[in-house]
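A.B. asks: Please find target-v1.cif (mmCIF, C-alpha atoms) on the next line:
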data_final
loop_
_atom_site.label_atom_id
_atom_site.label_comp_id
_atom_site.auth_asym_id
_atom_site.auth_seq_id
_atom_site.Cartn_x
_atom_site.Cartn_y
_atom_site.Cartn_z
CA MET X 1 -110.57 131.12 99.72
CA ILE X 2 -107.15 132.62 99.11
CA LEU X 3 -104.80 133.82 101.85
CA THR X 4 -102.19 136.08 100.32
CA ASN X 5 -99.26 138.35 101.21
CA ALA X 6 -98.11 135.93 103.92
CA HIS X 7 -94.81 134.51 105.05
CA ILE X 8 -95.79 130.86 104.73
CA VAL X 9 -93.99 128.50 107.10
CA LEU X 10 -93.50 125.27 105.18
CA GLU X 11 -91.89 122.16 106.61
CA ASN X 12 -88.34 123.12 105.56
CA GLU X 13 -88.48 126.79 104.57
CA VAL X 14 -90.40 130.05 104.78
CA ILE X 15 -91.67 131.64 101.55
CA HIS X 16 -93.62 134.80 100.77
CA GLY X 17 -96.76 133.89 98.89
CA SER X 18 -100.37 132.72 98.85
CA VAL X 19 -102.37 129.67 99.87
CA THR X 20 -105.54 128.60 98.07
CA ILE X 21 -108.09 126.56 100.04
CA ARG X 22 -110.91 124.53 98.55
CA ASP X 23 -113.33 122.11 100.28
CA GLY X 24 -111.39 122.21 103.54
CA GLN X 25 -108.04 121.30 102.00
CA ILE X 26 -105.01 123.15 100.75
CA GLU X 27 -105.32 123.27 96.97
CA SER X 28 -102.16 125.18 96.08
CA ILE X 29 -99.23 127.16 97.45
CA ASP X 30 -97.81 129.90 95.23
CA GLN X 31 -94.99 132.40 95.45
CA GLY X 32 -95.95 136.09 95.47
CA THR X 33 -99.06 138.12 96.18
CA VAL X 34 -102.30 137.87 94.23
CA THR X 35 -105.19 140.32 93.81
CA LEU X 36 -108.49 138.52 93.37
CA PRO X 37 -112.05 138.93 94.68
CA GLY X 38 -112.52 137.30 98.10
CA MET X 39 -108.85 137.06 98.94
CA LEU X 40 -107.61 137.80 102.46
CA ASP X 41 -104.49 139.96 102.77
CA CYS X 42 -102.35 138.67 105.65
CA ASP X 43 -100.38 141.95 105.79
CA GLY X 44 -97.04 140.19 105.50
CA GLY X 45 -97.67 138.16 108.66
CA TYR X 46 -96.91 134.51 109.20
CA LEU X 47 -99.11 131.65 108.01
CA LEU X 48 -98.39 128.52 110.04
CA PRO X 49 -99.89 125.02 110.12
CA GLY X 50 -102.38 124.47 112.93
CA MET X 51 -100.56 123.05 115.93
CA VAL X 52 -100.86 119.48 117.19
CA GLU X 53 -100.80 119.04 120.98
CA LEU X 54 -100.07 115.52 122.26
CA HIS X 55 -100.15 116.04 126.02
CA THR X 56 -102.14 118.72 127.79
CA ASP X 57 -103.61 118.64 131.30
CA ASN X 58 -105.53 121.83 130.56
CA MET X 59 -108.97 120.19 130.56
CA GLU X 60 -108.77 119.12 134.20
CA LYS X 61 -108.63 122.62 135.64
CA HIS X 62 -111.95 123.55 133.99
CA PHE X 63 -113.75 120.54 135.48
CA THR X 64 -112.57 121.46 138.98
CA PRO X 65 -111.95 125.24 138.91
CA ARG X 66 -111.72 125.28 142.72
CA PRO X 67 -111.27 122.49 145.27
CA GLY X 68 -114.62 120.78 145.78
CA VAL X 69 -116.26 122.52 142.80
CA ALA X 70 -117.36 120.14 140.02
CA TRP X 71 -118.24 122.25 136.96
CA PRO X 72 -120.83 120.87 134.47
CA GLY X 73 -118.99 118.72 131.92
CA LEU X 74 -120.06 120.18 128.56
CA SER X 75 -119.60 123.74 129.76
CA ALA X 76 -116.15 122.94 131.14
CA PHE X 77 -115.11 121.21 127.95
CA LYS X 78 -116.28 124.06 125.71
CA VAL X 79 -114.19 126.56 127.68
CA HIS X 80 -111.18 124.24 127.38
CA ASP X 81 -111.78 123.92 123.62
CA ALA X 82 -112.02 127.69 123.23
CA GLN X 83 -108.74 128.15 125.07
CA MET X 84 -106.98 125.60 122.87
CA ILE X 85 -108.20 127.02 119.55
CA SER X 86 -107.37 130.58 120.63
CA ALA X 87 -103.80 129.35 121.20
CA GLY X 88 -103.65 128.02 117.61
CA ILE X 89 -103.94 124.36 118.62
CA THR X 90 -106.19 122.71 116.05
CA THR X 91 -105.61 119.09 117.14
CA VAL X 92 -105.59 118.24 120.84
CA PHE X 93 -104.80 114.99 122.60
CA ASP X 94 -106.58 115.59 125.90
CA ALA X 95 -104.53 113.88 128.61
CA ILE X 96 -106.71 112.25 131.25
CA SER X 97 -104.84 110.81 134.20
CA VAL X 98 -105.77 107.22 135.07
CA GLY X 99 -104.64 106.86 138.66
CA ASP X 100 -103.12 109.45 140.97
CA VAL X 101 -100.60 109.67 143.76
CA VAL X 102 -103.33 110.40 146.33
CA GLU X 103 -106.48 108.48 147.17
CA GLY X 104 -109.86 110.08 146.58
CA SER X 105 -108.49 112.93 144.46
CA GLU X 106 -110.74 115.00 142.23
CA ARG X 107 -108.63 113.80 139.29
CA LEU X 108 -110.00 110.28 139.85
CA SER X 109 -113.61 111.37 140.37
CA ASN X 110 -113.43 113.39 137.14
CA LEU X 111 -112.24 110.49 134.98
CA THR X 112 -115.50 109.48 133.34
CA ARG X 113 -116.90 113.03 133.50
CA MET X 114 -114.05 114.28 131.33
CA ALA X 115 -114.16 111.34 128.94
CA ASP X 116 -117.96 111.64 128.60
CA ALA X 117 -117.74 115.38 127.90
CA LEU X 118 -115.03 114.88 125.30
CA ASN X 119 -117.03 112.13 123.60
CA GLU X 120 -120.32 114.02 123.62
CA SER X 121 -118.73 117.25 122.39
CA ARG X 122 -117.20 115.43 119.43
CA THR X 123 -120.43 113.56 118.64
CA ARG X 124 -122.48 116.78 118.71
CA GLU X 125 -119.78 118.68 116.75
CA LEU X 126 -119.48 121.31 119.47
CA THR X 127 -115.70 121.65 119.25
CA ARG X 128 -113.52 123.93 117.16
CA SER X 129 -110.33 121.89 117.62
CA ASP X 130 -110.11 118.18 116.87
CA HIS X 131 -110.04 116.44 120.25
CA LEU X 132 -108.50 113.00 120.73
CA LEU X 133 -108.04 110.99 123.91
CA HIS X 134 -104.69 110.45 125.64
CA LEU X 135 -104.81 108.18 128.69
CA ARG X 136 -101.96 108.86 131.14
CA CYS X 137 -101.53 105.75 133.27
CA GLU X 138 -100.05 106.19 136.75
CA VAL X 139 -98.83 102.60 137.13
CA SER X 140 -98.06 102.92 140.85
CA HIS X 141 -101.75 103.35 141.71
CA GLU X 142 -103.73 100.28 142.79
CA ASP X 143 -106.78 100.92 140.58
CA THR X 144 -104.96 102.02 137.42
CA LEU X 145 -105.05 98.74 135.50
CA ASN X 146 -108.77 98.12 136.01
CA ASN X 147 -109.64 101.74 135.26
CA PHE X 148 -107.50 101.66 132.12
CA LYS X 149 -109.19 98.51 130.85
CA GLN X 150 -112.65 99.99 131.36
CA LEU X 151 -111.85 103.40 129.91
CA SER X 152 -109.92 102.09 126.90
CA GLU X 153 -112.78 99.75 126.00
CA GLN X 154 -115.42 102.47 126.29
CA TYR X 155 -113.63 105.52 124.86
CA GLN X 156 -110.93 104.24 122.46
CA PRO X 157 -107.80 106.30 123.23
CA GLN X 158 -105.53 107.44 120.41
CA LEU X 159 -102.44 107.69 122.64
CA VAL X 160 -101.38 106.10 125.94
CA SER X 161 -98.49 107.11 128.17
CA VAL X 162 -97.12 105.20 131.15
CA MET X 163 -96.02 107.13 134.25
CA ASP X 164 -94.59 106.41 137.69
CA HIS X 165 -94.34 109.47 139.93
CA SER X 166 -92.91 107.56 142.89
CA PRO X 167 -90.25 109.22 145.08
CA GLY X 168 -86.57 108.75 144.33
CA GLN X 169 -86.79 108.11 140.59
CA ARG X 170 -87.63 109.61 137.18
CA GLN X 171 -89.10 113.13 137.58
CA PHE X 172 -88.38 113.04 141.30
CA ALA X 173 -84.97 111.41 141.50
CA SER X 174 -84.31 114.02 144.20
CA ILE X 175 -86.28 113.15 147.34
CA GLU X 176 -85.92 116.77 148.42
CA LYS X 177 -87.59 118.01 145.21
CA TYR X 178 -90.32 115.39 145.73
CA ARG X 179 -90.85 116.54 149.30
CA GLN X 180 -90.89 120.20 148.29
CA TYR X 181 -93.43 119.63 145.50
CA TYR X 182 -95.94 117.36 147.26
CA GLN X 183 -95.64 118.83 150.74
CA GLY X 184 -96.38 122.24 149.24
CA LYS X 185 -99.16 120.94 147.02
CA TYR X 186 -101.05 119.02 149.71
CA LYS X 187 -100.01 121.07 152.77
CA LEU X 188 -98.64 118.02 154.61
CA SER X 189 -96.82 118.10 157.94
CA ASP X 190 -93.35 116.54 158.15
CA SER X 191 -94.75 113.32 159.65
CA GLU X 192 -97.56 113.18 157.08
CA MET X 193 -95.03 113.68 154.31
CA ALA X 194 -92.84 110.86 155.62
CA ALA X 195 -95.85 108.51 155.64
CA PHE X 196 -96.81 109.71 152.14
CA ILE X 197 -93.34 108.85 150.80
CA THR X 198 -93.51 105.38 152.37
CA ARG X 199 -96.95 104.70 150.84
CA GLN X 200 -95.89 105.80 147.37
CA THR X 201 -92.68 103.76 147.48
CA ASP X 202 -94.58 100.64 148.56
CA ALA X 203 -97.25 101.14 145.89
CA SER X 204 -94.66 101.44 143.15
CA ARG X 205 -93.02 98.21 144.26
CA LEU X 206 -96.36 96.39 144.31
CA TYR X 207 -97.91 97.56 141.05
CA SER X 208 -95.65 99.46 138.66
CA ASP X 209 -93.84 96.71 136.77
CA ASN X 210 -96.86 94.46 136.27
CA TYR X 211 -99.20 97.29 135.32
CA ARG X 212 -96.71 98.76 132.84
CA ARG X 213 -96.31 95.40 131.16
CA GLU X 214 -100.06 94.67 130.94
CA ILE X 215 -101.02 98.13 129.70
CA CYS X 216 -98.37 98.04 126.99
CA ALA X 217 -99.54 94.59 125.88
CA ILE X 218 -103.12 95.83 125.52
CA CYS X 219 -101.97 98.84 123.48
CA HIS X 220 -99.92 96.63 121.16
CA GLN X 221 -102.94 94.43 120.52
CA ARG X 222 -105.07 97.45 119.62
CA GLY X 223 -102.43 99.39 117.70
CA ILE X 224 -102.45 102.36 120.11
CA PRO X 225 -99.22 104.45 120.09
CA LEU X 226 -97.31 104.41 123.39
CA ALA X 227 -95.27 107.07 125.15
CA SER X 228 -92.88 106.78 128.06
CA HIS X 229 -92.85 109.44 130.73
CA ASP X 230 -89.96 110.99 132.67
CA ASP X 231 -87.28 108.52 131.57
CA ALA X 232 -84.13 109.39 133.53
CA SER X 233 -81.56 106.73 132.61
CA ARG X 234 -80.37 104.40 129.87
CA GLU X 235 -82.14 101.58 131.68
CA HIS X 236 -85.45 103.46 131.56
CA VAL X 237 -85.03 104.10 127.84
CA ALA X 238 -84.08 100.47 127.17
CA GLU X 239 -87.29 99.45 128.92
CA SER X 240 -89.31 101.91 126.83
CA VAL X 241 -87.70 100.71 123.60
CA GLY X 242 -88.46 97.14 124.65
CA PHE X 243 -92.14 98.08 124.88
CA ASN X 244 -91.99 99.67 121.39
CA MET X 245 -92.81 103.14 122.71
CA VAL X 246 -92.62 105.81 120.00
CA ILE X 247 -92.50 108.99 122.12
CA ALA X 248 -90.31 109.88 125.10
CA GLU X 249 -92.31 112.41 127.12
CA PHE X 250 -90.29 114.78 129.29
CA PRO X 251 -87.03 112.85 129.73
CA THR X 252 -85.44 114.28 132.85
CA THR X 253 -81.75 113.95 131.93
CA TYR X 254 -79.54 114.62 128.93
CA GLU X 255 -78.47 110.97 128.95
CA ALA X 256 -82.04 109.69 128.67
CA ALA X 257 -82.97 112.20 125.94
CA ARG X 258 -79.91 111.33 123.87
CA GLU X 259 -80.53 107.61 124.28
CA ALA X 260 -84.22 107.89 123.34
CA HIS X 261 -83.46 110.07 120.32
CA GLY X 262 -80.78 107.63 119.22
CA HIS X 263 -83.28 104.78 119.32
CA GLY X 264 -85.71 106.68 117.11
CA MET X 265 -88.14 107.75 119.83
CA ALA X 266 -89.47 111.28 119.42
CA VAL X 267 -88.25 113.35 122.37
CA LEU X 268 -91.09 115.52 123.71
CA MET X 269 -90.46 118.39 126.09
CA GLY X 270 -92.64 121.06 127.66
CA ALA X 271 -93.10 124.39 125.95
CA PRO X 272 -93.36 126.09 129.38
CA ASN X 273 -89.84 124.75 129.99
CA VAL X 274 -88.69 126.73 126.92
CA VAL X 275 -90.60 129.91 127.78
CA ARG X 276 -89.46 129.88 131.42
CA GLY X 277 -85.90 128.93 130.56
CA GLY X 278 -85.85 125.65 132.49
CA SER X 279 -87.71 122.88 134.29
CA HIS X 280 -89.79 123.70 137.38
CA SER X 281 -88.62 120.35 138.81
CA GLY X 282 -84.93 121.07 138.29
CA ASN X 283 -84.55 118.55 135.45
CA ILE X 284 -82.90 118.99 132.03
CA ALA X 285 -83.87 122.20 130.23
CA ALA X 286 -85.56 121.92 126.84
CA HIS X 287 -83.30 124.61 125.35
CA THR X 288 -80.28 122.48 126.30
CA LEU X 289 -81.68 119.57 124.30
CA ALA X 290 -82.48 121.95 121.43
CA SER X 291 -78.88 123.14 121.36
CA GLU X 292 -77.81 119.49 120.91
CA GLY X 293 -80.44 118.77 118.23
CA LEU X 294 -82.23 116.30 120.51
CA LEU X 295 -85.62 118.04 120.69
CA ASP X 296 -88.34 116.58 118.42
CA ILE X 297 -91.71 117.69 119.82
CA LEU X 298 -93.02 120.42 122.12
CA SER X 299 -96.13 120.13 124.30
CA SER X 300 -97.96 122.96 126.02
CA ASP X 301 -98.48 120.62 129.01
CA TYR X 302 -100.30 122.87 131.51
CA TYR X 303 -100.25 126.22 129.63
CA PRO X 304 -101.77 126.27 126.08
CA ALA X 305 -100.40 129.65 124.99
CA SER X 306 -96.84 128.47 125.64
CA LEU X 307 -96.74 126.28 122.51
CA LEU X 308 -96.52 129.01 119.86
CA ASP X 309 -94.42 131.26 122.09
CA ALA X 310 -91.89 128.47 122.57
CA ALA X 311 -91.58 127.80 118.83
CA PHE X 312 -90.76 131.46 118.11
CA LYS X 313 -88.45 131.63 121.10
CA LEU X 314 -86.44 128.62 119.90
CA ALA X 315 -86.30 130.05 116.37
CA SER X 316 -84.75 133.28 117.67
CA ASP X 317 -82.17 131.53 119.87
CA ASP X 318 -78.68 131.60 118.34
CA ASN X 319 -77.61 128.69 120.56
CA ASN X 320 -79.44 126.08 118.46
CA GLN X 321 -79.94 125.17 114.80
CA TYR X 322 -83.74 125.55 114.79
CA ASP X 323 -84.84 128.16 112.27
CA LEU X 324 -88.54 129.10 112.18
CA ALA X 325 -89.54 126.24 109.86
CA LYS X 326 -87.78 123.65 112.01
CA ALA X 327 -89.09 125.16 115.25
CA VAL X 328 -92.68 125.22 113.98
CA ALA X 329 -92.32 121.57 112.95
CA LEU X 330 -91.86 120.77 116.67
CA VAL X 331 -95.47 121.83 117.29
CA SER X 332 -97.07 120.66 114.05
CA SER X 333 -95.62 118.08 111.64
CA LYS X 334 -93.45 116.20 114.14
CA PRO X 335 -96.19 115.46 116.70
CA ALA X 336 -98.64 114.61 113.90
CA GLN X 337 -96.24 112.15 112.29
CA SER X 338 -95.33 110.52 115.61
CA VAL X 339 -98.92 109.30 116.08
CA GLY X 340 -99.74 108.61 112.44
CA LEU X 341 -101.81 111.71 111.63
CA ASN X 342 -100.65 112.22 108.06
CA ASP X 343 -103.46 114.53 106.92
CA ARG X 344 -102.33 117.57 108.96
CA GLY X 345 -99.38 119.34 110.59
CA ARG X 346 -97.94 120.84 107.40
CA ILE X 347 -98.88 123.46 104.85
CA ALA X 348 -98.84 121.23 101.81
CA GLU X 349 -101.15 120.50 98.89
CA GLY X 350 -103.87 117.97 99.68
CA LEU X 351 -103.63 118.28 103.47
CA ASN X 352 -106.24 119.71 105.83
CA ALA X 353 -106.40 123.49 105.76
CA ASP X 354 -105.64 123.87 109.48
CA LEU X 355 -103.90 127.24 109.58
CA ILE X 356 -102.78 130.04 111.89
CA TRP X 357 -102.29 133.64 110.81
CA CYS X 358 -100.10 135.45 113.29
CA GLU X 359 -97.82 138.45 113.62
CA ALA X 360 -94.61 138.45 115.62
CA THR X 361 -92.75 141.16 117.51
CA HIS X 362 -89.32 139.84 118.46
CA ASP X 363 -90.05 136.31 119.72
CA HIS X 364 -93.69 136.87 120.74
CA PRO X 365 -96.39 135.88 118.22
CA HIS X 366 -99.86 137.38 118.23
CA ILE X 367 -102.60 135.27 116.62
CA ARG X 368 -104.98 137.05 114.27
CA HIS X 369 -107.09 134.14 113.00
CA VAL X 370 -107.23 130.34 113.06
CA TRP X 371 -108.82 128.05 110.45
CA LYS X 372 -109.85 124.43 110.88
CA ARG X 373 -110.34 122.56 107.59
CA GLY X 374 -110.76 125.91 105.88
CA GLN X 375 -113.39 127.25 108.29
CA ARG X 376 -112.43 130.21 110.42
CA VAL X 377 -112.78 129.15 114.08
CA PHE X 378 -110.98 132.07 115.78
#
How does this structure look as structure tokens?

C.D. replies:
Amino acid sequence: MILTNAHIVLENEVIHGSVTIRDGQIESIDQGTVTLPGMLDCDGGYLLPGMVELHTDNMEKHFTPRPGVAWPGLSAFKVHDAQMISAGITTVFDAISVGDVVEGSERLSNLTRMADALNESRTRELTRSDHLLHLRCEVSHEDTLNNFKQLSEQYQPQLVSVMDHSPGQRQFASIEKYRQYYQGKYKLSDSEMAAFITRQTDASRLYSDNYRREICAICHQRGIPLASHDDASREHVAESVGFNMVIAEFPTTYEAAREAHGHGMAVLMGAPNVVRGGSHSGNIAAHTLASEGLLDILSSDYYPASLLDAAFKLASDDNNQYDLAKAVALVSSKPAQSVGLNDRGRIAEGLNADLIWCEATHDHPHIRHVWKRGQRVF
């Protein structure tokens, strides 16, 4: 198959040309347009590498579409997969939260349901994206360590992140922001919220340090890449570096992002943060880090379509040095490299033919087709 008359977004430049695909891989990349039987004319649109998503919570909402409603696992997973591939995401690290800030939450009851559906869908080849497992470990929860041990033995995660959403630190350094978020989310009275804050603070003191240390040790033994989460200070980053973490997910301050980047950790921020123009929690804005050259990876987090939109939005922003090639790398080659996936994330000879054909009006891309290993999947 030949895709021609396309603006091909390579790792360091954009060229006008053609891509030849054979046996699921990119065989050649050539300048100019060709006229051959079976070719596909891309009408001068953009040809991008399929995107690599390291941290998305998108799967959860399909397993519990309404409070108290548990949707059948395979059906829920297939809808999630369809949403990811339609957004141009050809490799997905599905983030399953091990532990939560509330007892008896649907997130906890869905743990094995989600992991089972992911595993069965891959085994039966029902997916259009490649799905890999990312375990997000809430280390302030009493059951997190035991649940992590069981899940990691049974399902073999490809990425693990360590989180602590306790009040007064990291994402919620502002107690007022913490109160606003969780009181609104769980409809708590003032007295209930005060008790909630006390419980979470006590749980963090009891479990967080020990659980973080043990989980990281297990990951080192098994060669599983580690990510920090919501680092807010130099001390947090020093701790993450000490645990040999390779990704800094959602640092909340400029200081933490700069420190992580300086230590060689890949700084990951939310694409919704870029599209919306700032953090919903009042933390550092992704575009601010981009303007300082401190942004390495984007994640769609809770909104799959934000990933491609954010790349084009950054590329059109005169306040940073990210041209289209460099912006697209944030959602393709950079995340792939950070977790050792060297067969994808770039349009280059010999790599998987995971490709997106899209058109763009101003900073908004519209996807025409998506290919996974040379097979059209959207």

A.B. asks: Enter the distance from atom CA of Ile356 of chain X to atom CA of Val267 of chain X, in Å, rounded to one decimal.

C.D. replies: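 Interatomic distance here is 24.5 Å.
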
A.B. asks: State, in Å with one decimal place, the distance from atom CA of Met269 of chain X to atom CA of Thr288 of chain X.

C.D. replies: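 Atom-to-atom, atom CA of Met269 of chain X and atom CA of Thr288 of chain X are spaced 11.0 Å apart.
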
A.B. asks: If the PyMOL selection byres ((chain X and resi 312-323) around 7) were run on this exact file, what residues would it hold? Put them as a PyMOL selection string.

C.D. replies: chain X and resi 290-291+308-311+324-327+363-364

A.B. asks: Pick out the closest residue to Ala217 of chain X from this set: X:Ser97, X:Asn244, X:Ser332, X:Thr20. Count only C-alpha atoms.

C.D. replies: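 Ranking X:Ser97, X:Asn244, X:Ser332, X:Thr20 by distance to Ala217 of chain X, first place goes to X:Asn244.
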
A.B. asks: Once the PyMOL selection byres ((chain X and resi 98) around 10) is applied to the coordinates I shared, what remains selected? I want it as a PDB file with C-alpha atoms, keeping the file's coordinate frame.

C.D. replies:
ATOM      1  CA  ALA X  95    -104.530 113.880 128.610  1.00  0.00           C
ATOM      2  CA  ILE X  96    -106.710 112.250 131.250  1.00  0.00           C
ATOM      3  CA  SER X  97    -104.840 110.810 134.200  1.00  0.00           C
ATOM      4  CA  GLY X  99    -104.640 106.860 138.660  1.00  0.00           C
ATOM      5  CA  ASP X 100    -103.120 109.450 140.970  1.00  0.00           C
ATOM      6  CA  ARG X 107    -108.630 113.800 139.290  1.00  0.00           C
ATOM      7  CA  LEU X 108    -110.000 110.280 139.850  1.00  0.00           C
ATOM      8  CA  LEU X 111    -112.240 110.490 134.980  1.00  0.00           C
ATOM      9  CA  LEU X 135    -104.810 108.180 128.690  1.00  0.00           C
ATOM     10  CA  ARG X 136    -101.960 108.860 131.140  1.00  0.00           C
ATOM     11  CA  CYS X 137    -101.530 105.750 133.270  1.00  0.00           C
ATOM     12  CA  GLU X 138    -100.050 106.190 136.750  1.00  0.00           C
ATOM     13  CA  VAL X 139     -98.830 102.600 137.130  1.00  0.00           C
ATOM     14  CA  HIS X 141    -101.750 103.350 141.710  1.00  0.00           C
ATOM     15  CA  ASP X 143    -106.780 100.920 140.580  1.00  0.00           C
ATOM     16  CA  THR X 144    -104.960 102.020 137.420  1.00  0.00           C
ATOM     17  CA  LEU X 145    -105.050  98.740 135.500  1.00  0.00           C
ATOM     18  CA  ASN X 146    -108.770  98.120 136.010  1.00  0.00           C
ATOM     19  CA  ASN X 147    -109.640 101.740 135.260  1.00  0.00           C
ATOM     20  CA  PHE X 148    -107.500 101.660 132.120  1.00  0.00           C
ATOM     21  CA  LEU X 151    -111.850 103.400 129.910  1.00  0.00           C
ATOM     22  CA  VAL X 162     -97.120 105.200 131.150  1.00  0.00           C
ATOM     23  CA  MET X 163     -96.020 107.130 134.250  1.00  0.00           C
TER      24      MET X 163
END

A.B. asks: Would you compute the distance between atom CA of Asp30 of chain X and atom CA of His16 of chain X? Give it in Å to one decimal.

C.D. replies: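 Taking atom CA of Asp30 of chain X and atom CA of His16 of chain X, their separation equals 8.5 Å.
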
A.B. asks: Rank nothing, just name the residue among X:His131, X:Lys372, X:Lys177, X:His55 nearest to Ser279 of chain X, using all atoms listed in the file.

C.D. replies: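 When distances to Ser279 of chain X are compared using all atoms listed in the file, the smallest one comes from X:Lys177.
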
A.B. asks: Convert the output of the PyMOL selection byres ((chain X and resi 357) around 10) on the shown file into explicit residues, formatted as a short mmCIF file (atom, residue, chain, number, x, y, z; two decimals) with C-alpha atoms, in the frame of the given file.

C.D. replies:
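After the write, part-v4.cif holds the following:
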data_model
loop_
_atom_site.label_atom_id
_atom_site.label_comp_id
_atom_site.auth_asym_id
_atom_site.auth_seq_id
_atom_site.Cartn_x
_atom_site.Cartn_y
_atom_site.Cartn_z
CA LEU X 3 -104.80 133.82 101.85
CA ALA X 6 -98.11 135.93 103.92
CA HIS X 7 -94.81 134.51 105.05
CA ILE X 8 -95.79 130.86 104.73
CA CYS X 42 -102.35 138.67 105.65
CA ASP X 43 -100.38 141.95 105.79
CA GLY X 44 -97.04 140.19 105.50
CA GLY X 45 -97.67 138.16 108.66
CA TYR X 46 -96.91 134.51 109.20
CA LEU X 47 -99.11 131.65 108.01
CA LEU X 48 -98.39 128.52 110.04
CA PRO X 49 -99.89 125.02 110.12
CA GLY X 50 -102.38 124.47 112.93
CA GLY X 88 -103.65 128.02 117.61
CA LEU X 355 -103.90 127.24 109.58
CA ILE X 356 -102.78 130.04 111.89
CA CYS X 358 -100.10 135.45 113.29
CA GLU X 359 -97.82 138.45 113.62
CA PRO X 365 -96.39 135.88 118.22
CA HIS X 366 -99.86 137.38 118.23
CA ILE X 367 -102.60 135.27 116.62
CA ARG X 368 -104.98 137.05 114.27
CA HIS X 369 -107.09 134.14 113.00
CA VAL X 370 -107.23 130.34 113.06
CA TRP X 371 -108.82 128.05 110.45
#

A.B. asks: Considering only C-alpha atoms, give me a table of residues in segment 81-133 of chain X that are at most 12 Å from segment 335-345 of chain X, with the closest atom pair and distance in Å for each, as CSV.

C.D. replies:
residue,atom,partner,partner_atom,distance
X:Gly88,CA,X:Gly345,CA,12.0
X:Ile89,CA,X:Gly345,CA,10.5
X:Thr90,CA,X:Gly345,CA,9.4
X:Thr91,CA,X:Ala336,CA,8.9
X:Val92,CA,X:Ala336,CA,10.5
X:Phe93,CA,X:Pro335,CA,10.4
X:Asp130,CA,X:Arg344,CA,11.1
X:Leu132,CA,X:Val339,CA,11.3

A.B. asks: Convert the current residue selection to file output with C-alpha atoms, as an mmCIF file, in the coordinates of the input.

C.D. replies:
data_model
loop_
_atom_site.group_PDB
_atom_site.id
_atom_site.type_symbol
_atom_site.label_atom_id
_atom_site.label_comp_id
_atom_site.auth_asym_id
_atom_site.auth_seq_id
_atom_site.Cartn_x
_atom_site.Cartn_y
_atom_site.Cartn_z
ATOM 1 C CA GLY X 88 -103.650 128.020 117.610
ATOM 2 C CA ILE X 89 -103.940 124.360 118.620
ATOM 3 C CA THR X 90 -106.190 122.710 116.050
ATOM 4 C CA THR X 91 -105.610 119.090 117.140
ATOM 5 C CA VAL X 92 -105.590 118.240 120.840
ATOM 6 C CA PHE X 93 -104.800 114.990 122.600
ATOM 7 C CA ASP X 130 -110.110 118.180 116.870
ATOM 8 C CA LEU X 132 -108.500 113.000 120.730
#

A.B. asks: Which residue, X:Val274, X:Leu289, X:Ile215, X:Met193, has the smallest gap to Arg258 of chain X when you use only C-alpha atoms?

C.D. replies: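 Going through X:Val274, X:Leu289, X:Ile215, X:Met193 one by one, the smallest distance to Arg258 of chain X is for X:Leu289.
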
A.B. asks: Could you pull the residues within 10 Å of Thr56 of chain X, counting all atoms listed in the file, minus those fewer than 6 positions along the same chain, as a short mmCIF file (atom, residue, chain, number, x, y, z; two decimals) with C-alpha atoms, in the frame of the given file?

C.D. replies:
data_model
loop_
_atom_site.label_atom_id
_atom_site.label_comp_id
_atom_site.auth_asym_id
_atom_site.auth_seq_id
_atom_site.Cartn_x
_atom_site.Cartn_y
_atom_site.Cartn_z
CA MET X 84 -106.98 125.60 122.87
CA VAL X 92 -105.59 118.24 120.84
CA PHE X 93 -104.80 114.99 122.60
CA ASP X 94 -106.58 115.59 125.90
CA ALA X 95 -104.53 113.88 128.61
CA ILE X 96 -106.71 112.25 131.25
CA HIS X 134 -104.69 110.45 125.64
CA GLY X 270 -92.64 121.06 127.66
CA SER X 299 -96.13 120.13 124.30
CA SER X 300 -97.96 122.96 126.02
CA ASP X 301 -98.48 120.62 129.01
CA TYR X 302 -100.30 122.87 131.51
CA TYR X 303 -100.25 126.22 129.63
CA PRO X 304 -101.77 126.27 126.08
#

A.B. asks: Measuring between only C-alpha atoms, which one of X:Leu226, X:Ala82, X:Asp296, X:Met245 shows the shortest distance to Ala257 of chain X?

C.D. replies: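 The closest residue to Ala257 of chain X is X:Asp296.
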
A.B. asks: Which residue, X:Asn58, X:Ser240, X:Thr4, X:Ser166, has the smallest gap to Gly32 of chain X when you use only C-alpha atoms?

C.D. replies: X:Thr4

A.B. asks: Restricting the calculation to only C-alpha atoms: of X:Ser306, X:Asn119, X:Ser161, X:Thr198, which residue gets closest to Phe250 of chain X?

C.D. replies: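 Closest candidate: X:Ser161.
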